[in-house]
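Here is the structure we will look at, set down as structure tokens.
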Amino acid sequence: MHPEGVILVDTGETARTAEPGYFPRWHPYYRLAVQMDVAPEQEIGPQLRRLGIAPDDVRTVVMTHLHTDHAGGLHHFPNSQLLVSGDEHRAAQGVSGKIAGYLPQHWPTWFAPEPITFQPVTVGPFQQSMPVTTASDVIIVPTPGHTPHHVSVIVRGDGVDYFLAGDTSYTEKALMDRQPDGVSPKAQTAVATMDAILTYSRATPTVYLPSHDPASAARLGRQQTIPT
Ligand SMILES: [Zn+2]
């Protein structure tokens, strides 16, 4: 929660993955990628409500990328500003999107996100950025690798920054080991992004919060920064 409104990064998986035929079984992505079993009450909408936040009160949703395990909860946010890389959105559409491992057929019919517009404003090693708040304390930066137009969100805290990393790596250990996942189309792009995150964290103590790391919540609770 930010004084300028509730900002959400990614929307998680949907319970609909349990429906027969939800995933195209022919696609290797669904053998390589992380899969989750989600109950309806575990979807992002009910989770926010348990925190006292109505989905309609979410001012802005920033999507790190459009893989289904991040985009499965989009249907909870018809009234929020949705920010997505325009190139990511284009790459995820149609037959080529399906071949690339996206499920555009499951997006809400009203899904028409606002493209992220990067400015040539450097944030540490990141050459471009887009502030999400007028205070410029929530900032989108390009973190290509896992997908070619993947983005991350930096939240500037008091002495500690938070790096909402999406899938720049699945774990902090993979970041430290500079180990790309099996999904990244270009391993060296993923490693360059990991190097940028490590460079950032050496200048500013940073809590690294990739989506799939089971230890992310504990690191957030302890304010445990990336070891440098
Ligand atoms: Zn992904």
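Starting from 1 in every chain, residues are counted up; chains themselves are A, B, ... following the order of the structure tokens, and ligands are numbered from 1 as listed.
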- Do you know which residues are within 12 Å of ligand 1 using only C-alpha atoms and all ligand atoms? Can you write them as number ranges by chain? A: 10, 12-13, 29-30, 32-35, 63-72, 88, 92, 100-103, 144-151, 165-170, 181-185, 210-212
Output for the residues just chosen: C-alpha atoms as a PDB file, in the first residue's frame:
ATOM      1  CA  ASP A  10       1.462  -9.359 -10.959  1.00  0.00           C
ATOM      2  CA  GLY A  12      -0.774 -14.763  -9.702  1.00  0.00           C
ATOM      3  CA  GLU A  13      -2.294 -17.962 -10.945  1.00  0.00           C
ATOM      4  CA  TYR A  29       6.723 -24.493 -21.436  1.00  0.00           C
ATOM      5  CA  TYR A  30       4.249 -26.325 -19.218  1.00  0.00           C
ATOM      6  CA  LEU A  32       9.647 -26.536 -17.868  1.00  0.00           C
ATOM      7  CA  ALA A  33       7.893 -23.820 -15.947  1.00  0.00           C
ATOM      8  CA  VAL A  34       6.745 -23.734 -12.385  1.00  0.00           C
ATOM      9  CA  GLN A  35       3.208 -25.015 -11.994  1.00  0.00           C
ATOM     10  CA  MET A  63       2.709  -6.922 -14.869  1.00  0.00           C
ATOM     11  CA  THR A  64       6.313  -8.185 -14.903  1.00  0.00           C
ATOM     12  CA  HIS A  65       5.337 -10.371 -17.874  1.00  0.00           C
ATOM     13  CA  LEU A  66       2.264 -12.195 -19.111  1.00  0.00           C
ATOM     14  CA  HIS A  67       2.960 -15.864 -18.373  1.00  0.00           C
ATOM     15  CA  THR A  68      -0.223 -17.423 -17.037  1.00  0.00           C
ATOM     16  CA  ASP A  69       1.069 -17.924 -13.507  1.00  0.00           C
ATOM     17  CA  HIS A  70       1.388 -14.105 -13.289  1.00  0.00           C
ATOM     18  CA  ALA A  71      -1.593 -13.122 -15.455  1.00  0.00           C
ATOM     19  CA  GLY A  72      -4.120 -15.694 -14.169  1.00  0.00           C
ATOM     20  CA  GLU A  88       5.474  -8.171 -24.081  1.00  0.00           C
ATOM     21  CA  ALA A  92       1.953 -12.780 -26.013  1.00  0.00           C
ATOM     22  CA  ALA A 100       5.829 -18.694 -27.006  1.00  0.00           C
ATOM     23  CA  GLY A 101       4.031 -20.165 -23.975  1.00  0.00           C
ATOM     24  CA  TYR A 102       1.350 -17.568 -23.220  1.00  0.00           C
ATOM     25  CA  LEU A 103      -2.377 -18.236 -22.815  1.00  0.00           C
ATOM     26  CA  PRO A 144      14.817  -8.826 -19.956  1.00  0.00           C
ATOM     27  CA  GLY A 145      15.732 -12.491 -19.890  1.00  0.00           C
ATOM     28  CA  HIS A 146      12.975 -14.795 -18.676  1.00  0.00           C
ATOM     29  CA  THR A 147      10.950 -13.114 -21.430  1.00  0.00           C
ATOM     30  CA  PRO A 148      12.487 -10.560 -23.836  1.00  0.00           C
ATOM     31  CA  HIS A 149      10.451  -7.660 -22.377  1.00  0.00           C
ATOM     32  CA  HIS A 150      10.179  -8.728 -18.747  1.00  0.00           C
ATOM     33  CA  VAL A 151      10.140  -5.855 -16.230  1.00  0.00           C
ATOM     34  CA  ALA A 165      11.593  -9.332  -9.515  1.00  0.00           C
ATOM     35  CA  GLY A 166       8.926 -11.435 -11.179  1.00  0.00           C
ATOM     36  CA  ASP A 167      10.881 -14.255 -12.791  1.00  0.00           C
ATOM     37  CA  THR A 168      14.340 -12.668 -13.234  1.00  0.00           C
ATOM     38  CA  SER A 169      15.339 -15.843 -11.384  1.00  0.00           C
ATOM     39  CA  TYR A 170      13.228 -18.362  -9.497  1.00  0.00           C
ATOM     40  CA  ASP A 181      16.212 -20.754 -15.811  1.00  0.00           C
ATOM     41  CA  GLY A 182      15.247 -23.207 -18.546  1.00  0.00           C
ATOM     42  CA  VAL A 183      12.618 -20.821 -19.955  1.00  0.00           C
ATOM     43  CA  SER A 184      14.760 -17.791 -20.855  1.00  0.00           C
ATOM     44  CA  PRO A 185      15.121 -17.642 -24.646  1.00  0.00           C
ATOM     45  CA  PRO A 210      11.317 -13.137  -7.043  1.00  0.00           C
ATOM     46  CA  SER A 211       7.797 -14.537  -7.462  1.00  0.00           C
ATOM     47  CA  HIS A 212       8.579 -18.225  -7.099  1.00  0.00           C
TER      48      HIS A 212
END
- Item | DSSP-assigned helix (DSSP H, G or I) among segment 47-211 of chain A, expressed as an MDAnalysis selection string | chainID A and resid 47:50 55:57 68:71 74:76 86:91 94:99 104:106 172:176 187:203
- Task: Do a neighbour search on segment 193-199 of chain A at 6 Å with only C-alpha atoms, toss out local chain neighbours closer than 6 positions, and write the hits as number ranges by chain.
- Result: A: 125, 143, 175
- Check the smallest atom-to-atom distance from each of A:His2, A:Lys186, A:Arg59, A:His106 to Arg16 of chain A using only C-alpha atoms, then report the winner.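 The shortest atom-to-atom distance to Arg16 of chain A comes from A:His106.
Counting only C-alpha atoms and comparing A:Val95, A:Leu82, A:Leu209, A:Ile44, the residue that lies closest to Val132 of chain A is A:Leu82.
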- Query: When distances are computed from only C-alpha atoms, which of A:Gln223, A:Gln105, A:Ser201, A:Asp177 shows the smallest separation from Gly124 of chain A?
  - Reply: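 Checking each candidate against Gly124 of chain A, we get A:Ser201 as the closest.
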- Query: Using only C-alpha atoms, which of the listed residues (A:Pro214, A:Pro46, A:Pro205, A:Pro20) sits closest to Asp161 of chain A?
  - Reply: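 When distances to Asp161 of chain A are compared using only C-alpha atoms, the smallest one comes from A:Pro205.
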- Task: Identify all residues of segment 71-120 of chain A in strand (DSSP E or B) (DSSP on the backbone) and supply them as number ranges by chain.
- Result: A: 81-84, 114-115, 119
Next, write the just-selected residues to a file, as a PDB file, in the first residue's frame, keeping N, CA and C atoms as the atom set.
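To be explicit, this is the file written out as selection12.pdb:
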ATOM      1  N   GLN A  81      -5.778   0.451 -13.282  1.00  0.00           N
ATOM      2  CA  GLN A  81      -4.822   0.737 -14.357  1.00  0.00           C
ATOM      3  C   GLN A  81      -3.894  -0.465 -14.481  1.00  0.00           C
ATOM      4  N   LEU A  82      -3.786  -1.030 -15.681  1.00  0.00           N
ATOM      5  CA  LEU A  82      -2.935  -2.199 -15.906  1.00  0.00           C
ATOM      6  C   LEU A  82      -1.756  -1.773 -16.766  1.00  0.00           C
ATOM      7  N   LEU A  83      -0.559  -1.911 -16.223  1.00  0.00           N
ATOM      8  CA  LEU A  83       0.653  -1.523 -16.954  1.00  0.00           C
ATOM      9  C   LEU A  83       1.402  -2.772 -17.388  1.00  0.00           C
ATOM     10  N   VAL A  84       1.627  -2.892 -18.694  1.00  0.00           N
ATOM     11  CA  VAL A  84       2.316  -4.044 -19.279  1.00  0.00           C
ATOM     12  C   VAL A  84       3.256  -3.502 -20.352  1.00  0.00           C
ATOM     13  N   GLU A 114      -2.317  -0.638 -20.492  1.00  0.00           N
ATOM     14  CA  GLU A 114      -1.566   0.557 -20.890  1.00  0.00           C
ATOM     15  C   GLU A 114      -0.108   0.154 -21.078  1.00  0.00           C
ATOM     16  N   PRO A 115       0.516   0.518 -22.187  1.00  0.00           N
ATOM     17  CA  PRO A 115       1.919   0.133 -22.346  1.00  0.00           C
ATOM     18  C   PRO A 115       2.819   0.916 -21.386  1.00  0.00           C
ATOM     19  N   GLN A 119      11.444   5.920 -19.777  1.00  0.00           N
ATOM     20  CA  GLN A 119      12.174   7.153 -20.066  1.00  0.00           C
ATOM     21  C   GLN A 119      13.665   6.860 -19.908  1.00  0.00           C
TER      22      GLN A 119
END
- Message: Excluding Val58 of chain A and its own-chain neighbours fewer than 3 positions away, which residues fall within 8 Å of it when counting only C-alpha atoms? Please give them as a list in words.
- Response: Gly5, Val6, Ile7, Leu8, Ile53, Ala54, Pro55, Val61, Phe77 and Ser80 of chain A
- Message: So, with only C-alpha atoms as the atoms that count, which of A:Ala15, A:Ile226, A:Ala112, A:Val138 lies closest to Ala203 of chain A?
- Response: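 Once distances to Ala203 of chain A are computed over only C-alpha atoms, the minimum belongs to A:Ile226.
The coordinates place atom CA of Arg222 of chain A at 24.8 Å from atom CA of Val123 of chain A.
Atom to atom, atom CA of Arg156 of chain A and atom CA of Val9 of chain A stand 14.7 Å apart.
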- Query: Out of A:Gln128, A:Ser152, A:Ser136, A:Gln224, which residue has the shortest atom-to-atom distance to Val207 of chain A when counting only C-alpha atoms?
  - Reply: A:Gln224
